[in-house]
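A quick write-up on the structure given underneath.
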Amino acid sequence: EWFSGYAPLTRTMTLQDGEERFLTFRLKMANFKQVDAEAVASGTTVTDGTTNVTFPANAFARSDNSPFTGPVNVQICSFNAADPEDLESFPGDFAGVDADTEVGLFSLGFVDVQIFDNDENPLQLAEGKTATLTFPVQNLDPADTTIPMWYFDEAQGTWIREGEGTVDQTTGTITAEVSHFTFWNADKPVTLTDCIT
């Protein structure tokens, strides 16, 4: 069953008076799955074949935080951080905020997960609920056991650090508990520098 839902993508750009810029937009097909909220209580995992999302019981809420039961449409779009074309879809700049400090980001992998009802109204995880998110990561160091997790704040147009994910070196994946859905990103922070020639 097809679902025509959508999720907005924000790009933040600062222009000076008289400046011209060219933007490249690349569309990537998302995978839609419909699950019944009742079935989620049994530990249903939704996957696009690359990214897995496991929801707890009584997981969903409407935008006003009222409980939601019924069919839930899950949109998953996985991105390969080692693919230059996928990196063109990276939201915002490769920078984020970690404890009020701006840092550069080196992405190991990112994914977009959105949930909707059948009328295409956005849903979120209920207060106090978390879902388990597992997705592929690239460019791992052999010593990597955990990687910081970041979510994209649409209002601020930047990445915000929230928690860590556990790396599975055998499968090349990272697993994290998330309390809300937007773009999620496994990133190593790097020091921002300015170069003057």
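Please note that chains go A, B, ... in the order of the structure tokens, that every chain numbers its residues from 1, and that ligands are numbered from 1 in the order shown.
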Please provide the set of residues having any atom within 6 Å of region 49-63 of chain A, restricted to only C-alpha atoms, with same-chain residues fewer than 2 positions apart removed, written as a PDB file with all heavy atoms, in the first residue's frame.
```pdb
ATOM      1  N   VAL A  40       2.522  -2.909  17.300  1.00  0.00           N
ATOM      2  CA  VAL A  40       3.806  -2.404  17.762  1.00  0.00           C
ATOM      3  C   VAL A  40       4.125  -2.916  19.159  1.00  0.00           C
ATOM      4  O   VAL A  40       5.280  -3.131  19.519  1.00  0.00           O
ATOM      5  CB  VAL A  40       3.815  -0.860  17.734  1.00  0.00           C
ATOM      6  CG1 VAL A  40       5.034  -0.296  18.438  1.00  0.00           C
ATOM      7  CG2 VAL A  40       3.784  -0.379  16.290  1.00  0.00           C
ATOM      8  N   ALA A  41       3.082  -3.136  19.957  1.00  0.00           N
ATOM      9  CA  ALA A  41       3.279  -3.603  21.336  1.00  0.00           C
ATOM     10  C   ALA A  41       4.005  -4.943  21.388  1.00  0.00           C
ATOM     11  O   ALA A  41       4.630  -5.273  22.396  1.00  0.00           O
ATOM     12  CB  ALA A  41       1.935  -3.715  22.050  1.00  0.00           C
ATOM     13  N   THR A  45       9.294  -4.370  14.245  1.00  0.00           N
ATOM     14  CA  THR A  45      10.395  -3.597  13.685  1.00  0.00           C
ATOM     15  C   THR A  45      10.056  -3.214  12.261  1.00  0.00           C
ATOM     16  O   THR A  45       9.635  -4.043  11.457  1.00  0.00           O
ATOM     17  CB  THR A  45      11.706  -4.407  13.712  1.00  0.00           C
ATOM     18  OG1 THR A  45      12.085  -4.640  15.071  1.00  0.00           O
ATOM     19  CG2 THR A  45      12.835  -3.649  13.016  1.00  0.00           C
ATOM     20  N   VAL A  46      10.222  -1.936  11.952  1.00  0.00           N
ATOM     21  CA  VAL A  46       9.983  -1.435  10.604  1.00  0.00           C
ATOM     22  C   VAL A  46      11.342  -1.224   9.949  1.00  0.00           C
ATOM     23  O   VAL A  46      12.257  -0.665  10.563  1.00  0.00           O
ATOM     24  CB  VAL A  46       9.191  -0.115  10.639  1.00  0.00           C
ATOM     25  CG1 VAL A  46       8.928   0.387   9.229  1.00  0.00           C
ATOM     26  CG2 VAL A  46       7.884  -0.294  11.402  1.00  0.00           C
ATOM     27  N   THR A  47      11.480  -1.669   8.713  1.00  0.00           N
ATOM     28  CA  THR A  47      12.778  -1.576   8.037  1.00  0.00           C
ATOM     29  C   THR A  47      12.604  -1.202   6.575  1.00  0.00           C
ATOM     30  O   THR A  47      11.567  -1.503   5.965  1.00  0.00           O
ATOM     31  CB  THR A  47      13.545  -2.907   8.138  1.00  0.00           C
ATOM     32  OG1 THR A  47      14.827  -2.765   7.519  1.00  0.00           O
ATOM     33  CG2 THR A  47      12.775  -4.048   7.497  1.00  0.00           C
ATOM     34  N   ASN A  65       0.133  15.988  21.693  1.00  0.00           N
ATOM     35  CA  ASN A  65       0.571  15.015  22.707  1.00  0.00           C
ATOM     36  C   ASN A  65      -0.516  14.055  23.164  1.00  0.00           C
ATOM     37  O   ASN A  65      -0.296  13.288  24.103  1.00  0.00           O
ATOM     38  CB  ASN A  65       1.170  15.720  23.940  1.00  0.00           C
ATOM     39  CG  ASN A  65       2.480  16.402  23.623  1.00  0.00           C
ATOM     40  OD1 ASN A  65       3.271  15.902  22.831  1.00  0.00           O
ATOM     41  ND2 ASN A  65       2.715  17.564  24.220  1.00  0.00           N
ATOM     42  N   SER A  66      -1.676  14.076  22.517  1.00  0.00           N
ATOM     43  CA  SER A  66      -2.707  13.095  22.859  1.00  0.00           C
ATOM     44  C   SER A  66      -2.327  11.741  22.274  1.00  0.00           C
ATOM     45  O   SER A  66      -1.717  11.665  21.203  1.00  0.00           O
ATOM     46  CB  SER A  66      -4.069  13.540  22.324  1.00  0.00           C
ATOM     47  OG  SER A  66      -4.043  13.649  20.904  1.00  0.00           O
ATOM     48  N   PRO A  67      -2.654  10.630  22.971  1.00  0.00           N
ATOM     49  CA  PRO A  67      -2.276   9.292  22.482  1.00  0.00           C
ATOM     50  C   PRO A  67      -2.896   8.999  21.124  1.00  0.00           C
ATOM     51  O   PRO A  67      -4.011   9.430  20.826  1.00  0.00           O
ATOM     52  CB  PRO A  67      -2.826   8.353  23.564  1.00  0.00           C
ATOM     53  CG  PRO A  67      -2.997   9.216  24.768  1.00  0.00           C
ATOM     54  CD  PRO A  67      -3.353  10.584  24.259  1.00  0.00           C
ATOM     55  N   PHE A  68      -2.165   8.257  20.311  1.00  0.00           N
ATOM     56  CA  PHE A  68      -2.662   7.868  18.989  1.00  0.00           C
ATOM     57  C   PHE A  68      -2.631   6.353  18.863  1.00  0.00           C
ATOM     58  O   PHE A  68      -1.631   5.706  19.189  1.00  0.00           O
ATOM     59  CB  PHE A  68      -1.810   8.468  17.873  1.00  0.00           C
ATOM     60  CG  PHE A  68      -2.246   8.023  16.495  1.00  0.00           C
ATOM     61  CD1 PHE A  68      -3.301   8.653  15.856  1.00  0.00           C
ATOM     62  CD2 PHE A  68      -1.624   6.966  15.858  1.00  0.00           C
ATOM     63  CE1 PHE A  68      -3.710   8.235  14.597  1.00  0.00           C
ATOM     64  CE2 PHE A  68      -2.027   6.544  14.603  1.00  0.00           C
ATOM     65  CZ  PHE A  68      -3.081   7.184  13.975  1.00  0.00           C
ATOM     66  N   LEU A 123       3.061  12.441  13.233  1.00  0.00           N
ATOM     67  CA  LEU A 123       3.008  11.882  14.581  1.00  0.00           C
ATOM     68  C   LEU A 123       4.407  11.937  15.171  1.00  0.00           C
ATOM     69  O   LEU A 123       5.388  12.103  14.466  1.00  0.00           O
ATOM     70  CB  LEU A 123       2.507  10.438  14.549  1.00  0.00           C
ATOM     71  CG  LEU A 123       1.132  10.193  13.931  1.00  0.00           C
ATOM     72  CD1 LEU A 123       0.875   8.689  13.809  1.00  0.00           C
ATOM     73  CD2 LEU A 123       0.026  10.867  14.745  1.00  0.00           C
ATOM     74  N   GLN A 124       4.473  11.765  16.491  1.00  0.00           N
ATOM     75  CA  GLN A 124       5.753  11.681  17.164  1.00  0.00           C
ATOM     76  C   GLN A 124       5.681  10.590  18.213  1.00  0.00           C
ATOM     77  O   GLN A 124       4.619   9.989  18.447  1.00  0.00           O
ATOM     78  CB  GLN A 124       6.123  13.016  17.829  1.00  0.00           C
ATOM     79  CG  GLN A 124       6.928  13.951  16.946  1.00  0.00           C
ATOM     80  CD  GLN A 124       8.321  13.413  16.591  1.00  0.00           C
ATOM     81  OE1 GLN A 124       8.788  12.410  17.136  1.00  0.00           O
ATOM     82  NE2 GLN A 124       8.993  14.079  15.663  1.00  0.00           N
ATOM     83  N   LEU A 125       6.820  10.302  18.826  1.00  0.00           N
ATOM     84  CA  LEU A 125       6.818   9.381  19.939  1.00  0.00           C
ATOM     85  C   LEU A 125       6.160  10.047  21.138  1.00  0.00           C
ATOM     86  O   LEU A 125       6.332  11.248  21.384  1.00  0.00           O
ATOM     87  CB  LEU A 125       8.249   8.967  20.301  1.00  0.00           C
ATOM     88  CG  LEU A 125       8.967   8.096  19.275  1.00  0.00           C
ATOM     89  CD1 LEU A 125      10.423   7.908  19.675  1.00  0.00           C
ATOM     90  CD2 LEU A 125       8.285   6.739  19.140  1.00  0.00           C
ATOM     91  N   ALA A 126       5.381   9.262  21.885  1.00  0.00           N
ATOM     92  CA  ALA A 126       4.724   9.787  23.074  1.00  0.00           C
ATOM     93  C   ALA A 126       5.766  10.188  24.112  1.00  0.00           C
ATOM     94  O   ALA A 126       6.896   9.670  24.120  1.00  0.00           O
ATOM     95  CB  ALA A 126       3.771   8.740  23.643  1.00  0.00           C
ATOM     96  N   ALA A 131      12.385   4.954  20.835  1.00  0.00           N
ATOM     97  CA  ALA A 131      12.446   3.893  19.831  1.00  0.00           C
ATOM     98  C   ALA A 131      13.904   3.534  19.605  1.00  0.00           C
ATOM     99  O   ALA A 131      14.799   4.343  19.833  1.00  0.00           O
ATOM    100  CB  ALA A 131      11.801   4.347  18.531  1.00  0.00           C
ATOM    101  N   THR A 132      14.130   2.304  19.162  1.00  0.00           N
ATOM    102  CA  THR A 132      15.485   1.841  18.874  1.00  0.00           C
ATOM    103  C   THR A 132      15.755   2.000  17.386  1.00  0.00           C
ATOM    104  O   THR A 132      15.032   1.455  16.547  1.00  0.00           O
ATOM    105  CB  THR A 132      15.671   0.373  19.286  1.00  0.00           C
ATOM    106  OG1 THR A 132      15.352   0.234  20.669  1.00  0.00           O
ATOM    107  CG2 THR A 132      17.102  -0.077  19.053  1.00  0.00           C
ATOM    108  N   LEU A 133      16.787   2.770  17.067  1.00  0.00           N
ATOM    109  CA  LEU A 133      17.134   3.079  15.680  1.00  0.00           C
ATOM    110  C   LEU A 133      18.486   2.452  15.355  1.00  0.00           C
ATOM    111  O   LEU A 133      19.474   2.682  16.058  1.00  0.00           O
ATOM    112  CB  LEU A 133      17.200   4.603  15.516  1.00  0.00           C
ATOM    113  CG  LEU A 133      17.581   5.170  14.147  1.00  0.00           C
ATOM    114  CD1 LEU A 133      16.556   4.778  13.095  1.00  0.00           C
ATOM    115  CD2 LEU A 133      17.698   6.690  14.239  1.00  0.00           C
ATOM    116  N   THR A 134      18.521   1.634  14.302  1.00  0.00           N
ATOM    117  CA  THR A 134      19.762   0.995  13.859  1.00  0.00           C
ATOM    118  C   THR A 134      19.969   1.295  12.379  1.00  0.00           C
ATOM    119  O   THR A 134      19.067   1.058  11.568  1.00  0.00           O
ATOM    120  CB  THR A 134      19.713  -0.532  14.079  1.00  0.00           C
ATOM    121  OG1 THR A 134      19.511  -0.810  15.470  1.00  0.00           O
ATOM    122  CG2 THR A 134      21.009  -1.195  13.631  1.00  0.00           C
ATOM    123  N   PHE A 135      21.147   1.824  12.031  1.00  0.00           N
ATOM    124  CA  PHE A 135      21.410   2.131  10.623  1.00  0.00           C
ATOM    125  C   PHE A 135      22.901   1.973  10.321  1.00  0.00           C
ATOM    126  O   PHE A 135      23.733   1.981  11.235  1.00  0.00           O
ATOM    127  CB  PHE A 135      20.907   3.534  10.254  1.00  0.00           C
ATOM    128  CG  PHE A 135      21.520   4.663  11.025  1.00  0.00           C
ATOM    129  CD1 PHE A 135      22.597   5.384  10.524  1.00  0.00           C
ATOM    130  CD2 PHE A 135      21.002   5.043  12.249  1.00  0.00           C
ATOM    131  CE1 PHE A 135      23.146   6.443  11.211  1.00  0.00           C
ATOM    132  CE2 PHE A 135      21.539   6.112  12.961  1.00  0.00           C
ATOM    133  CZ  PHE A 135      22.616   6.809  12.443  1.00  0.00           C
TER     134      PHE A 135
END
```
Determine, counting only C-alpha atoms, which protein, DNA and RNA residues have an atom within 12 Å of an atom of region 137-146 of chain A; residues of the same chain fewer than 2 positions away are not included. Present the result as JSON, numbers by chain. {"A": [50, 51, 78, 79, 80, 81, 82, 83, 106, 107, 108, 109, 110, 111, 134, 135, 148, 149, 163, 164, 165, 166, 167, 168, 169, 170, 171, 172, 173, 174, 175, 176, 184, 185, 186, 187, 188]}
List every residue of region 48-173 of chain A that DSSP, applied to the backbone of this structure, assigns to helix (DSSP H, G or I), and report them as a CSV table (one decimal) with N, CA, C and O atoms, in the first residue's frame.
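Final output, part30.csv:
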```csv
chain,number,residue,atom,x,y,z
A,84,PRO,N,29.2,10.3,-2.4
A,84,PRO,CA,29.2,11.8,-2.6
A,84,PRO,C,27.8,12.3,-3.0
A,84,PRO,O,27.4,13.4,-2.6
A,85,GLU,N,27.0,11.5,-3.7
A,85,GLU,CA,25.7,11.9,-4.1
A,85,GLU,C,24.8,12.0,-2.9
A,85,GLU,O,23.9,12.9,-2.8
A,86,ASP,N,24.9,11.0,-2.0
A,86,ASP,CA,24.0,11.0,-0.8
A,86,ASP,C,24.4,12.2,0.1
A,86,ASP,O,23.6,12.8,0.8
A,87,LEU,N,25.7,12.6,0.1
A,87,LEU,CA,26.2,13.7,1.0
A,87,LEU,C,25.6,15.0,0.5
A,87,LEU,O,25.5,16.0,1.2
```
Can you check which residues of region 143-185 of chain A DSSP gives as strand (DSSP E or B) on the backbone and send them as a PyMOL selection string? chain A and resi 146-153+158-168+173-178+183-185
Choose the residue, out of A:Gly70, A:Asn31, A:Asp112, A:Gly92, that has the smallest atom-to-atom separation from Phe183 (chain A); count only C-alpha atoms.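 Smallest distance to Phe183 (chain A) is found for A:Asp112.
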Residue nearest Val97 (chain A) among A:Trp159, A:Phe22, A:Phe32, A:Phe181 (counting only C-alpha atoms):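 For Val97 (chain A), the nearest of the given residues is A:Trp159.
Of the residues under consideration (A:Asp64, A:Asp98, A:Asp36, A:Asp93), A:Asp64 shows the shortest atom-to-atom contact distance to Glu127 (chain A) when counting only C-alpha atoms.
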Select, from A:Gln16, A:Gln156, A:Asn73, A:Thr197, the residue with the minimum atom-to-atom distance to Asp119 (chain A), counting only C-alpha atoms.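 Checking each candidate against Asp119 (chain A), we get A:Asn73 as the closest.
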Looking at A:Phe94, A:Gln34, A:Gly128, A:Thr44, which one is nearest to Gly157 (chain A), with distances taken over only C-alpha atoms? A:Phe94
d(CA of Ile115 (chain A), CA of Thr182 (chain A)) in Å: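 Straight-line distance from CA of Ile115 (chain A) to CA of Thr182 (chain A) works out to 9.6 Å.
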Using only C-alpha atoms, pick whichever of A:Glu162, A:Thr14, A:His180, A:Asp153 has the shortest atom-to-atom distance to Pro91 (chain A). A:Asp153
